[in-house]
file run-v1.cif (mmCIF, C-alpha atoms)
data_input
#
loop_
_atom_site.label_atom_id
_atom_site.label_comp_id
_atom_site.auth_asym_id
_atom_site.auth_seq_id
_atom_site.Cartn_x
_atom_site.Cartn_y
_atom_site.Cartn_z
CA MET A 1 88.08 132.93 168.09
CA LEU A 2 88.74 134.87 164.95
CA ILE A 3 92.18 136.32 164.45
CA GLY A 4 92.12 139.74 162.88
CA ILE A 5 89.28 141.00 160.79
CA THR A 6 88.09 139.00 157.86
CA LEU A 7 86.41 140.89 155.07
CA GLU A 8 84.38 138.47 153.07
CA ASN A 9 84.64 139.96 149.64
CA ASN A 10 82.29 139.01 146.79
CA LYS A 11 80.26 136.75 149.00
CA PRO A 12 77.07 138.63 149.72
CA ASP A 13 75.19 137.52 152.78
CA VAL A 14 71.72 136.95 151.34
CA ARG A 15 70.00 136.12 154.60
CA LYS A 16 67.02 138.22 155.59
CA PRO A 17 67.45 140.38 158.69
CA LYS A 18 65.02 138.14 160.60
CA ASP A 19 67.08 135.06 159.86
CA CYS A 20 70.25 136.42 161.38
CA ALA A 21 68.74 138.53 164.18
CA ALA A 22 69.88 136.23 166.98
CA GLU A 23 73.40 136.01 165.58
CA MET A 24 73.67 139.80 165.14
CA ALA A 25 72.29 140.41 168.63
CA ALA A 26 75.01 138.14 170.03
CA HIS A 27 77.68 140.03 168.09
CA LEU A 28 76.38 143.37 169.38
CA ASP A 29 76.53 141.99 172.88
CA THR A 30 80.16 141.02 172.41
CA VAL A 31 80.95 144.44 170.96
CA ALA A 32 79.32 146.06 173.99
CA LYS A 33 81.10 143.91 176.53
CA GLU A 34 84.50 143.35 174.98
CA ARG A 35 84.78 145.93 172.23
CA CYS A 36 85.41 142.94 170.01
CA LYS A 37 86.46 144.08 166.55
CA ALA A 38 85.82 140.68 164.96
CA SER A 39 82.20 140.73 166.13
CA PHE A 40 81.84 144.28 164.91
CA ALA A 41 83.22 143.21 161.53
CA LYS A 42 80.36 140.68 161.25
CA VAL A 43 77.75 143.32 162.03
CA PHE A 44 79.46 145.83 159.77
CA GLY A 45 79.80 143.34 156.92
CA TYR A 46 76.09 142.59 156.95
CA PHE A 47 74.67 146.06 157.53
CA ALA A 48 77.07 148.57 155.96
CA PRO A 49 76.49 147.57 152.29
CA ARG A 50 72.74 147.49 152.86
CA LEU A 51 72.82 150.87 154.52
CA ARG A 52 74.76 152.18 151.55
CA SER A 53 72.03 151.16 149.08
CA TYR A 54 69.44 152.74 151.33
CA ALA A 55 71.46 155.93 151.76
CA LEU A 56 72.12 156.23 148.02
CA LYS A 57 68.42 155.93 147.30
CA GLN A 58 67.48 158.41 150.00
CA MET A 59 70.19 161.01 149.62
CA GLY A 60 71.11 160.57 145.94
CA ASN A 61 74.69 161.56 146.57
CA GLU A 62 77.60 159.18 147.08
CA ALA A 63 79.53 161.33 149.57
CA ILE A 64 76.50 162.06 151.72
CA ALA A 65 75.41 158.45 151.50
CA MET A 66 78.77 157.27 152.79
CA GLU A 67 78.64 159.84 155.57
CA LEU A 68 75.29 158.39 156.61
CA VAL A 69 76.74 154.87 156.61
CA GLN A 70 79.80 155.96 158.58
CA ASP A 71 77.82 157.91 161.20
CA THR A 72 75.37 155.05 161.63
CA MET A 73 77.98 152.32 161.98
CA SER A 74 80.09 154.52 164.19
CA ASN A 75 77.13 154.84 166.56
CA VAL A 76 76.66 151.08 166.46
CA TRP A 77 80.27 150.65 167.58
CA GLN A 78 80.15 153.39 170.21
CA LYS A 79 76.70 152.68 171.61
CA ALA A 80 76.39 148.91 171.30
CA HIS A 81 75.79 148.79 175.07
CA LEU A 82 72.52 150.66 174.54
CA PHE A 83 71.12 147.94 172.29
CA ASN A 84 68.47 145.98 174.13
CA ALA A 85 67.44 142.73 172.46
CA GLU A 86 64.24 142.67 174.51
CA LYS A 87 63.08 145.88 172.89
CA GLY A 88 63.65 144.90 169.28
CA SER A 89 65.86 143.28 166.69
CA PRO A 90 69.34 144.52 165.71
CA SER A 91 68.07 145.49 162.25
CA THR A 92 65.32 147.66 163.72
CA TRP A 93 67.77 149.29 166.12
CA ILE A 94 70.26 150.04 163.35
CA PHE A 95 67.48 151.29 161.08
CA THR A 96 66.33 153.75 163.76
CA ILE A 97 69.88 155.05 164.19
CA ALA A 98 70.19 155.58 160.42
CA ARG A 99 66.74 157.13 160.21
CA ASN A 100 67.55 159.61 162.99
CA ILE A 101 70.82 160.62 161.37
CA ARG A 102 69.09 160.98 158.01
CA PHE A 103 66.35 163.10 159.60
CA ASP A 104 68.91 165.51 161.07
CA MET A 105 70.98 165.52 157.86
CA LEU A 106 67.97 166.32 155.67
CA ARG A 107 66.93 169.10 158.00
CA LYS A 108 70.37 170.65 157.55
CA LEU A 109 70.59 169.98 153.81
CA LYS A 110 67.21 171.55 153.16
CA ASN A 111 68.32 174.45 155.28
CA ARG A 112 65.25 174.15 157.41
CA LYS A 113 65.28 176.43 160.37
CA GLU A 114 63.23 174.16 162.58
CA ASP A 115 64.78 173.49 165.93
CA VAL A 116 63.39 169.98 166.13
CA CYS A 117 65.94 167.19 166.20
CA SER A 118 65.69 163.44 166.12
CA ASP A 119 66.64 163.10 169.80
CA ASP A 120 63.46 164.98 170.77
CA MET A 121 61.33 162.28 169.20
CA TRP A 122 63.47 159.17 169.21
CA PRO A 123 65.91 159.37 172.13
CA ILE A 124 67.33 155.91 171.41
CA LEU A 125 70.95 156.89 171.84
CA CYS A 126 70.58 159.26 174.77
CA GLU A 127 72.57 158.25 177.75
CA GLN A 128 73.63 159.68 181.02
CA THR A 129 76.83 159.21 182.94
CA ALA A 130 75.12 158.49 186.25
CA ASP A 131 71.69 158.22 187.77
CA PRO A 132 70.59 161.76 188.65
CA LYS A 133 68.31 160.45 191.39
CA GLU A 134 71.29 159.24 193.32
CA LYS A 135 72.99 162.59 193.72
CA SER A 136 74.45 162.60 197.20
CA LEU A 137 75.62 165.57 199.20
CA GLU A 138 79.19 164.52 198.57
CA GLU A 139 78.57 164.56 194.88
CA LYS A 140 77.08 168.04 195.07
CA VAL A 141 80.22 169.31 196.77
CA THR A 142 82.25 167.72 194.03
CA LEU A 143 79.98 169.32 191.44
CA GLN A 144 80.71 172.69 192.98
CA GLN A 145 84.43 172.03 192.82
CA VAL A 146 84.09 170.88 189.26
CA GLY A 147 82.20 174.09 188.55
CA GLU A 148 85.20 176.14 189.69
CA LEU A 149 87.63 174.06 187.67
CA PHE A 150 85.24 174.18 184.75
CA ASN A 151 85.74 177.92 184.49
CA GLN A 152 89.40 177.32 183.82
CA LEU A 153 88.70 175.32 180.66
CA PRO A 154 89.38 176.88 177.25
CA GLU A 155 86.27 178.65 175.90
CA LYS A 156 85.62 176.16 173.11
CA GLN A 157 85.71 173.15 175.43
CA LYS A 158 83.61 174.99 177.99
CA ALA A 159 80.88 175.69 175.44
CA VAL A 160 80.65 172.02 174.48
CA ILE A 161 80.68 170.72 178.05
CA GLU A 162 78.11 173.27 179.14
CA ALA A 163 75.72 172.35 176.33
CA ILE A 164 76.05 168.61 176.96
CA TYR A 165 76.28 168.31 180.72
CA ILE A 166 74.34 171.33 181.91
CA GLU A 167 71.76 171.90 179.21
CA GLY A 168 71.47 168.17 178.54
CA LYS A 169 71.90 168.42 174.78
CA SER A 170 73.11 165.56 172.63
CA GLN A 171 76.48 165.74 170.91
CA GLN A 172 74.65 165.92 167.58
CA GLU A 173 72.61 168.92 168.70
CA VAL A 174 75.74 170.69 169.86
CA ALA A 175 77.41 169.97 166.52
CA ASP A 176 74.39 171.41 164.69
CA GLU A 177 74.31 174.49 166.85
CA LEU A 178 77.98 175.32 166.70
CA GLU A 179 78.16 174.19 163.08
CA ILE A 180 81.13 171.97 163.70
CA PRO A 181 81.55 168.27 162.84
CA LEU A 182 80.25 165.70 165.30
CA GLY A 183 83.79 164.32 165.61
CA THR A 184 85.04 167.70 166.81
CA VAL A 185 82.36 167.83 169.49
CA LYS A 186 83.39 164.35 170.61
CA SER A 187 87.07 165.20 170.76
CA ARG A 188 86.44 168.49 172.58
CA THR A 189 84.31 166.65 175.11
CA ARG A 190 86.98 164.03 175.61
CA LEU A 191 89.76 166.60 175.95
CA ALA A 192 87.75 168.70 178.37
CA LEU A 193 86.84 165.72 180.54
CA GLN A 194 90.45 164.57 180.56
CA ARG A 195 91.55 168.04 181.56
CA LEU A 196 88.97 168.24 184.34
CA LYS A 197 90.10 164.86 185.59
CA ASP A 198 93.74 165.98 185.60
CA MET A 199 92.82 169.18 187.41
CA LEU A 200 90.81 167.27 190.01
CA GLU A 201 93.73 164.94 190.63
CA THR A 202 96.19 167.78 191.16
CA HIS A 203 93.54 169.60 193.18
CA ASP A 204 93.45 166.93 195.87
CA MET B 1 40.09 157.69 176.16
CA ILE B 2 41.81 159.09 173.09
CA LYS B 3 39.46 159.33 170.09
CA PHE B 4 41.39 161.44 167.61
CA HIS B 5 44.57 159.92 166.22
CA PRO B 6 46.96 160.72 163.39
CA THR B 7 46.19 158.80 160.17
CA SER B 8 47.98 155.51 159.50
CA GLN B 9 49.78 157.23 156.67
CA GLN B 10 51.09 159.89 159.04
CA LEU B 11 52.26 157.25 161.52
CA ASN B 12 53.91 155.30 158.74
CA LYS B 13 55.78 158.33 157.40
CA PHE B 14 56.69 159.35 160.94
CA SER B 15 58.34 155.98 161.61
CA ASP B 16 60.31 156.35 158.39
CA GLY B 17 61.43 159.84 159.44
CA LEU B 18 59.79 161.46 156.43
CA LEU B 19 57.47 164.02 158.01
CA THR B 20 58.40 167.69 158.33
CA PRO B 21 60.04 168.45 161.68
CA ALA B 22 56.96 170.26 163.06
CA GLU B 23 54.57 167.50 162.03
CA ALA B 24 56.91 164.81 163.31
CA LEU B 25 57.14 166.56 166.66
CA MET B 26 53.34 166.66 167.02
CA ILE B 27 52.90 163.02 166.03
CA SER B 28 55.67 162.03 168.40
CA ALA B 29 54.08 163.93 171.30
CA HIS B 30 50.76 162.24 170.53
CA CYS B 31 52.46 158.83 170.57
CA ASP B 32 53.97 159.64 173.97
CA MET B 33 50.38 159.86 175.23
CA CYS B 34 48.83 157.12 173.09
CA PRO B 35 49.94 153.50 173.58
CA GLN B 36 47.87 152.43 170.57
CA CYS B 37 49.64 154.70 168.08
CA SER B 38 52.94 154.09 169.80
CA SER B 39 52.68 150.35 169.14
CA LYS B 40 51.59 150.99 165.54
CA VAL B 41 54.72 153.09 165.10
CA MET B 42 56.81 150.20 166.41
CA LEU B 43 55.27 147.87 163.84
CA TYR B 44 55.82 150.33 161.02
CA THR B 45 59.40 150.87 162.15
CA GLU B 46 60.07 147.13 162.09
CA ALA B 47 58.51 146.88 158.64
CA HIS B 48 60.70 149.71 157.33
CA SER B 49 63.82 148.09 158.73
CA GLU B 50 62.92 144.75 157.15
CA THR B 51 62.43 146.40 153.77
CA LEU B 52 65.64 148.36 154.05
CA PHE B 53 67.88 145.46 154.98
CA GLU B 54 66.31 142.91 152.64
CA ASP B 55 68.07 144.70 149.80
CA ASN B 56 71.27 142.72 149.39
CA SER B 57 72.23 144.07 145.98
CA GLN B 58 75.39 145.66 147.37
CA THR B 59 78.29 143.37 148.13
CA PHE B 60 80.92 144.13 150.69
CA ASP B 61 83.52 146.16 148.87
CA ALA B 62 86.72 146.15 150.90
CA ASP B 63 88.06 149.22 149.10
CA LEU B 64 84.96 151.14 150.01
CA PHE B 65 84.39 149.89 153.51
CA GLY B 66 87.69 148.56 154.88
CA SER B 67 89.13 151.91 155.90
CA MET B 68 85.78 153.06 157.22
CA MET B 69 85.59 150.11 159.56
CA ALA B 70 89.17 150.58 160.74
CA ASP B 71 88.45 154.25 161.30
CA ILE B 72 85.34 153.55 163.36
CA THR B 73 86.89 150.93 165.58
CA SER B 74 89.98 153.01 166.29
CA GLY B 75 87.89 155.64 168.05
CA GLU B 76 87.61 155.79 171.79
CA VAL B 77 84.36 154.76 173.37
CA ASP B 78 82.71 156.64 176.16
CA ARG B 79 80.15 154.59 178.00
CA GLY B 80 77.13 155.90 179.75
CA ILE B 81 73.94 154.19 180.74
CA ALA B 82 70.71 154.44 178.81
CA SER B 83 68.78 157.42 180.04
CA ASP B 84 65.10 157.40 180.67
CA PRO B 85 64.07 161.02 180.26
CA GLN B 86 61.59 162.25 182.86
CA ASN B 87 58.58 164.17 181.60
CA ARG B 88 58.82 167.88 182.30
CA VAL B 89 56.16 169.70 184.25
CA ILE B 90 55.09 173.24 183.41
CA GLU B 91 53.14 175.61 185.60
CA LEU B 92 50.51 178.24 185.12
CA ASP B 93 48.91 180.07 188.03
CA GLY B 94 49.65 177.24 190.44
CA ARG B 95 48.35 174.55 188.07
CA LYS B 96 50.84 171.90 187.05
CA PHE B 97 50.89 170.02 183.77
CA THR B 98 53.02 167.03 182.85
CA LEU B 99 54.18 167.32 179.26
CA PRO B 100 54.63 164.54 176.71
CA ARG B 101 58.32 163.60 176.62
CA SER B 102 58.88 164.83 173.06
CA LEU B 103 58.27 168.40 174.19
CA ASN B 104 60.85 168.23 177.01
CA ARG B 105 63.73 170.07 175.42
CA LEU B 106 61.71 172.63 173.47
CA SER B 107 59.56 173.56 176.45
CA GLU B 108 62.70 174.47 178.39
CA SER B 109 62.92 177.62 176.32
CA MET B 110 59.21 178.44 176.21
CA GLY B 111 58.21 182.06 176.64
CA ASN B 112 56.14 183.51 179.47
CA TRP B 113 52.41 183.03 179.72
CA SER B 114 50.46 186.01 178.50
CA HIS B 115 46.82 186.57 179.27
CA MET B 116 44.75 187.04 176.11
CA VAL B 117 41.09 187.85 175.66
CA GLY B 118 38.40 185.32 176.55
CA LYS B 119 40.01 183.62 179.57
CA LEU B 120 42.79 182.50 177.33
CA TRP B 121 46.48 182.11 178.15
CA GLN B 122 49.24 181.64 175.66
CA ALA B 123 52.95 180.79 175.95
CA PRO B 124 55.10 180.61 172.82
CA VAL B 125 57.51 177.78 172.11
CA ASN B 126 60.15 178.58 169.55
CA ILE B 127 60.45 175.62 167.22
CA GLY B 128 61.97 177.72 164.43
CA GLY B 129 61.11 177.49 160.75
CA ASP B 130 57.91 178.87 159.32
CA THR B 131 55.65 177.45 161.98
CA VAL B 132 54.43 179.00 165.18
CA ALA B 133 53.96 176.85 168.26
CA ASN B 134 52.15 177.78 171.44
CA PHE B 135 50.86 176.26 174.59
CA ILE B 136 47.31 177.56 174.90
CA PHE B 137 45.36 177.29 178.11
CA MET B 138 41.62 177.88 178.18
CA GLU B 139 40.15 178.57 181.58
CA LYS B 140 36.67 177.28 182.37
CA GLY B 141 34.24 179.15 180.13
CA GLY B 142 37.09 180.47 178.01
CA GLY B 143 37.72 179.94 174.33
CA VAL B 144 39.06 181.13 171.01
CA PRO B 145 36.66 183.11 168.76
CA GLU B 146 35.25 181.25 165.74
CA HIS B 147 37.90 180.95 163.05
CA THR B 148 39.12 179.10 160.02
CA HIS B 149 42.71 178.62 158.88
CA ARG B 150 44.81 180.09 156.16
CA GLY B 151 47.18 177.18 156.47
CA SER B 152 46.99 174.18 158.77
CA GLU B 153 46.61 174.03 162.52
CA MET B 154 47.74 170.97 164.46
CA THR B 155 46.48 170.64 167.99
CA LEU B 156 47.35 168.17 170.74
CA VAL B 157 45.33 168.17 173.95
CA VAL B 158 47.91 167.95 176.72
CA ASN B 159 45.48 168.07 179.62
CA GLY B 160 41.73 168.59 180.00
CA GLU B 161 38.82 168.70 177.61
CA PHE B 162 37.44 171.13 175.06
CA SER B 163 34.78 171.32 172.35
CA ASP B 164 34.87 173.32 169.13
CA GLY B 165 31.40 172.89 167.67
CA LEU B 166 32.67 169.98 165.54
CA ALA B 167 33.57 167.49 168.28
CA ASN B 168 34.67 167.05 171.90
CA TYR B 169 38.34 166.45 172.58
CA SER B 170 40.23 165.23 175.62
CA SER B 171 43.82 164.54 176.75
CA GLY B 172 45.92 162.98 174.01
CA ASP B 173 43.58 163.83 171.14
CA PHE B 174 45.30 165.08 168.01
CA THR B 175 43.60 167.09 165.29
CA VAL B 176 44.57 168.83 162.08
CA MET B 177 42.43 171.74 160.90
CA ASP B 178 42.68 173.52 157.53
CA ASP B 179 40.86 176.17 155.50
CA GLN B 180 37.93 173.80 154.99
CA LYS B 181 37.06 173.81 158.66
CA ILE B 182 35.56 176.52 160.83
CA HIS B 183 35.58 175.96 164.56
CA THR B 184 35.17 177.67 167.92
CA PRO B 185 37.27 175.97 170.62
CA SER B 186 36.09 176.45 174.19
CA THR B 187 36.02 174.55 177.43
CA THR B 188 33.44 174.06 180.14
CA SER B 189 35.56 171.85 182.34
CA ASP B 190 36.49 173.10 185.80
CA GLU B 191 40.15 172.28 185.32
CA GLY B 192 40.33 174.18 182.05
CA CYS B 193 42.23 172.76 179.11
CA LEU B 194 45.85 172.92 177.98
CA VAL B 195 46.66 172.30 174.32
CA PHE B 196 49.84 172.47 172.28
CA SER B 197 49.20 174.08 168.93
CA VAL B 198 51.30 174.48 165.80
CA ILE B 199 50.16 176.69 162.93
CA ASP B 200 51.88 177.53 159.66
CA ALA B 201 49.80 180.63 158.81
CA PRO B 202 47.66 183.08 160.80
CA LEU B 203 44.14 182.11 161.83
CA HIS B 204 41.23 183.76 160.05
CA PHE B 205 38.48 184.86 162.41
CA THR B 206 35.01 184.45 160.98
CA SER B 207 32.45 186.00 163.29
CA GLY B 208 31.56 188.89 165.54
CA TRP B 209 34.05 191.38 166.88
CA ALA B 210 36.96 189.00 166.32
CA ARG B 211 36.76 189.66 162.56
CA LEU B 212 38.09 193.11 163.35
CA ILE B 213 41.44 191.63 164.23
CA ASN B 214 41.90 189.76 160.94
CA PRO B 215 43.87 192.56 159.29
CA PHE B 216 46.16 192.41 162.30
CA SER B 217 46.19 188.68 162.85
CA HIS B 218 49.77 188.48 161.66
CA LEU B 219 50.56 190.33 164.90
CA PHE B 220 49.21 187.37 166.78
CA PHE B 221 51.00 184.96 164.52
CA LYS B 222 54.59 185.95 165.23
#
call {"tool": "encode", "arguments": {"input": "run-v1.cif", "output": "structure tokens"}}
result
Amino acid sequence: MLIGITLENNKPDVRKPKDCAAEMAAHLDTVAKERCKASFAKVFGYFAPRLRSYALKQMGNEAIAMELVQDTMSNVWQKAHLFNAEKGSPSTWIFTIARNIRFDMLRKLKNRKEDVCSDDMWPILCEQTADPKEKSLEEKVTLQQVGELFNQLPEKQKAVIEAIYIEGKSQQEVADELEIPLGTVKSRTRLALQRLKDMLETHD
Amino acid sequence: MIKFHPTSQQLNKFSDGLLTPAEALMISAHCDMCPQCSSKVMLYTEAHSETLFEDNSQTFDADLFGSMMADITSGEVDRGIASDPQNRVIELDGRKFTLPRSLNRLSESMGNWSHMVGKLWQAPVNIGGDTVANFIFMEKGGGVPEHTHRGSEMTLVVNGEFSDGLANYSSGDFTVMDDQKIHTPSTTSDEGCLVFSVIDAPLHFTSGWARLINPFSHLFFK
């Protein structure tokens, strides 16, 4: 077991993605199950510098390139549980995350008005909180209650929750639409859900 | 049996995320219906990822990346389960059509069906930008008057069969038409034919009475 996070400076990992696929897949699994920072550091150490070269070439701008790296690796940390080794290698999965983010970034940078986003075509990071097929009557009653409580949320939180949970949009889409950073959408979602939870508890 | 596919170059660029949004959407919808192109896209995607990550010219720079990593791992994690989006179904006159998954979200805001000339129905889908997207349904014996294109016209057959004087198309077929091609789409199948069409400039009608509408075709375009 590694203590802390070791950053292996000046020692580039020259292995090809294929040659460390099994190892990276195991690390992702540990990140998913235990939120293990040491395992994430291994994945990060291998992929982040490579993503940076790619992003610099593609975007031609240091700040935007680093944003692409950060958004990609942040998704790897947050969504490691969605990685499925049976469907492909870690490098392919991480590439598709980066490609999707780049696609949406370029669309915004070029000021294109198209309402087509990466989730429409490549819904690799789409997830749901529960299986919609298993909606019981009880749950519907709860949904109705939640609906009432929902109306008591501050407008900004309400807008985000509505877009994500009712219209089924991704957090990225909501960020694009409201022209606010993805991080803000995430924090508003978290705050709103926390508030709903608190209200439900006092409601009982 | 799908006979008309995007080119390998289109599939390759699609997997690298380099097509325009409208073109990418069409290719993606085709891949939803075409296992053959879908597996090609998977191969291209793998190849792109190999190329990308083979580049090891950058070393791990702790100044550059250390705080980023700390920042990322300090965030909270909300866990859901992977979702498997169900294909949406749209309706026209009691007929039901299952859409390719890529059109799910956009079709939620599609406009109403309007009945055009020639046993033709049209419902707009707002995909923004400079392109115009429509679902077009041709009833049996119905069709679009002979026309060519001022720009390009991408068509995906969602359900049914049609001919245009150049070839016969059926579900899943994908075609791109430009100003070099004149065609007259129509269908003789009992079930009619539903296509999803994206154009970036008005059509140019080339024969008979339909030529009369050319000066006004921009009205049909937006």
call {"tool": "closest_residue", "arguments": {"input": "run-v1.cif", "among": "B:Gln36, B:Ser114, B:Thr131, B:Thr155", "to": "chain A", "atoms": "all atoms listed in the file"}}
result
B:Thr131
call {"tool": "residues_around", "arguments": {"input": "run-v1.cif", "residues": "segment 80-97 of chain B", "least_positions_apart": "5", "cutoff": "9 Å", "atoms": "all atoms listed in the file", "output": "list in words"}}
result
Lys79, His81, Leu82, Pro123, Ile124, Leu125, Cys126, Glu127, Gln128, Thr129, Ala130 and Asp131 of chain A; Ser102, Leu103, Asn104, Arg105, Ser107, Glu108, Trp113, Trp121, Phe137, Val158, Asn159, Glu191 and Leu194 of chain B
call {"tool": "write_last_selection", "arguments": {"input": "run-v1.cif", "atoms": "C-alpha atoms", "output": "PDB file, in the frame of the given file"}}
result
ATOM      1  CA  LYS A  79      76.700 152.680 171.610  1.00  0.00           C
ATOM      2  CA  HIS A  81      75.790 148.790 175.070  1.00  0.00           C
ATOM      3  CA  LEU A  82      72.520 150.660 174.540  1.00  0.00           C
ATOM      4  CA  PRO A 123      65.910 159.370 172.130  1.00  0.00           C
ATOM      5  CA  ILE A 124      67.330 155.910 171.410  1.00  0.00           C
ATOM      6  CA  LEU A 125      70.950 156.890 171.840  1.00  0.00           C
ATOM      7  CA  CYS A 126      70.580 159.260 174.770  1.00  0.00           C
ATOM      8  CA  GLU A 127      72.570 158.250 177.750  1.00  0.00           C
ATOM      9  CA  GLN A 128      73.630 159.680 181.020  1.00  0.00           C
ATOM     10  CA  THR A 129      76.830 159.210 182.940  1.00  0.00           C
ATOM     11  CA  ALA A 130      75.120 158.490 186.250  1.00  0.00           C
ATOM     12  CA  ASP A 131      71.690 158.220 187.770  1.00  0.00           C
TER      13      ASP A 131
ATOM     14  CA  SER B 102      58.880 164.830 173.060  1.00  0.00           C
ATOM     15  CA  LEU B 103      58.270 168.400 174.190  1.00  0.00           C
ATOM     16  CA  ASN B 104      60.850 168.230 177.010  1.00  0.00           C
ATOM     17  CA  ARG B 105      63.730 170.070 175.420  1.00  0.00           C
ATOM     18  CA  SER B 107      59.560 173.560 176.450  1.00  0.00           C
ATOM     19  CA  GLU B 108      62.700 174.470 178.390  1.00  0.00           C
ATOM     20  CA  TRP B 113      52.410 183.030 179.720  1.00  0.00           C
ATOM     21  CA  TRP B 121      46.480 182.110 178.150  1.00  0.00           C
ATOM     22  CA  PHE B 137      45.360 177.290 178.110  1.00  0.00           C
ATOM     23  CA  VAL B 158      47.910 167.950 176.720  1.00  0.00           C
ATOM     24  CA  ASN B 159      45.480 168.070 179.620  1.00  0.00           C
ATOM     25  CA  GLU B 191      40.150 172.280 185.320  1.00  0.00           C
ATOM     26  CA  LEU B 194      45.850 172.920 177.980  1.00  0.00           C
TER      27      LEU B 194
END
call {"tool": "interface_residues", "arguments": {"input": "run-v1.cif", "of": "chain A", "to": "chain B", "cutoff": "8 Å", "atoms": "only C-alpha atoms", "output": "PyMOL selection string"}}
result
chain A and resi 7-18+37+41+44-45+47-54+70+73-74+77-79+81-82+91-92+95-96+99-100+102-103+107+112-117+120-121+125-130
call {"tool": "closest_residue", "arguments": {"input": "run-v1.cif", "among": "B:Asp200, B:Glu23, B:Glu153, B:Asp190", "to": "Lys140 of chain B", "atoms": "only C-alpha atoms"}}
result
B:Asp190
call {"tool": "atom_distance", "arguments": {"input": "run-v1.cif", "atom1": "atom CA of Gln9 of chain B", "atom2": "atom CA of Ala65 of chain A"}}
result
26.2 Å
call {"tool": "resolve_selection", "arguments": {"input": "run-v1.cif", "expression": "the PyMOL selection byres ((chain A and resi 182-187) around 10)", "output": "PyMOL selection string"}}
result
(chain A and resi 71+156-157+159-161+164+171-176+178-181+188-193) or (chain B and resi 75-76+78)
call {"tool": "atom_distance", "arguments": {"input": "run-v1.cif", "atom1": "atom CA of Lys40 of chain B", "atom2": "atom CA of Phe162 of chain B"}}
result
26.4 Å
call {"tool": "atom_distance", "arguments": {"input": "run-v1.cif", "atom1": "atom CA of Thr7 of chain B", "atom2": "atom CA of Thr148 of chain B"}}
result
21.5 Å
call {"tool": "resolve_selection", "arguments": {"input": "run-v1.cif", "expression": "the PyMOL selection byres ((chain A and resi 150) around 10)", "output": "list in words"}}
result
Leu143, Gln144, Gln145, Val146, Gly147, Glu148, Leu149, Asn151, Gln152, Leu153, Pro154, Glu155, Gln157, Lys158, Ile161, Glu162, Ala192, Leu193, Arg195, Leu196 and Met199 of chain A
call {"tool": "resolve_selection", "arguments": {"input": "run-v1.cif", "expression": "the PyMOL selection byres ((chain B and resi 185) around 9)", "output": "list in words"}}
result
Met138, Gly142, Gly143, Val144, Pro145, Glu146, Phe162, Ser163, Asp164, Gly165, His183, Thr184, Ser186 and Thr187 of chain B
call {"tool": "residues_around", "arguments": {"input": "run-v1.cif", "residues": "Met1 of chain B", "least_positions_apart": "2", "cutoff": "8 Å", "atoms": "only C-alpha atoms", "output": "NGL selection string"}}
result
:B and (3 or 170-171)
call {"tool": "closest_residue", "arguments": {"input": "run-v1.cif", "among": "A:Ile101, A:Leu56, A:Lys169, A:Phe83", "to": "Lys33 of chain A", "atoms": "only C-alpha atoms"}}
result
A:Phe83
call {"tool": "axis_aligned_box", "arguments": {"input": "run-v1.cif", "around": "segment 131-142 of chain B", "padding_each_side": "5 Å", "output": "AutoDock Vina command-line options"}}
result
--center_x 44.9 --center_y 178.4 --center_z 172.2 --size_x 31.4 --size_y 14.2 --size_z 30.4
call {"tool": "residues_near_point", "arguments": {"input": "run-v1.cif", "point": "(67.9, 162.6, 149.6)", "cutoff": "10 Å", "atoms": "all atoms listed in the file", "output": "JSON list (two decimals) with C-alpha atoms, in the coordinates of the input"}}
result
[["chain", "number", "residue", "atom", "x", "y", "z"],
["A", 55, "ALA", "CA", 71.46, 155.93, 151.76],
["A", 56, "LEU", "CA", 72.12, 156.23, 148.02],
["A", 57, "LYS", "CA", 68.42, 155.93, 147.30],
["A", 58, "GLN", "CA", 67.48, 158.41, 150.00],
["A", 59, "MET", "CA", 70.19, 161.01, 149.62],
["A", 60, "GLY", "CA", 71.11, 160.57, 145.94],
["A", 61, "ASN", "CA", 74.69, 161.56, 146.57],
["A", 64, "ILE", "CA", 76.50, 162.06, 151.72],
["A", 65, "ALA", "CA", 75.41, 158.45, 151.50],
["A", 102, "ARG", "CA", 69.09, 160.98, 158.01],
["A", 105, "MET", "CA", 70.98, 165.52, 157.86],
["A", 106, "LEU", "CA", 67.97, 166.32, 155.67],
["A", 109, "LEU", "CA", 70.59, 169.98, 153.81],
["A", 110, "LYS", "CA", 67.21, 171.55, 153.16]]
call {"tool": "residues_near_point", "arguments": {"input": "run-v1.cif", "point": "(38.4, 181.4, 161.3)", "cutoff": "9 Å", "atoms": "all atoms listed in the file", "output": "PDB file with C-alpha atoms, keeping the file's coordinate frame"}}
result
ATOM      1  CA  PRO B 145      36.660 183.110 168.760  1.00  0.00           C
ATOM      2  CA  GLU B 146      35.250 181.250 165.740  1.00  0.00           C
ATOM      3  CA  HIS B 147      37.900 180.950 163.050  1.00  0.00           C
ATOM      4  CA  THR B 148      39.120 179.100 160.020  1.00  0.00           C
ATOM      5  CA  HIS B 149      42.710 178.620 158.880  1.00  0.00           C
ATOM      6  CA  ARG B 150      44.810 180.090 156.160  1.00  0.00           C
ATOM      7  CA  ASP B 179      40.860 176.170 155.500  1.00  0.00           C
ATOM      8  CA  LYS B 181      37.060 173.810 158.660  1.00  0.00           C
ATOM      9  CA  ILE B 182      35.560 176.520 160.830  1.00  0.00           C
ATOM     10  CA  HIS B 183      35.580 175.960 164.560  1.00  0.00           C
ATOM     11  CA  THR B 184      35.170 177.670 167.920  1.00  0.00           C
ATOM     12  CA  LEU B 203      44.140 182.110 161.830  1.00  0.00           C
ATOM     13  CA  HIS B 204      41.230 183.760 160.050  1.00  0.00           C
ATOM     14  CA  PHE B 205      38.480 184.860 162.410  1.00  0.00           C
ATOM     15  CA  THR B 206      35.010 184.450 160.980  1.00  0.00           C
ATOM     16  CA  SER B 207      32.450 186.000 163.290  1.00  0.00           C
ATOM     17  CA  ARG B 211      36.760 189.660 162.560  1.00  0.00           C
TER      18      ARG B 211
END
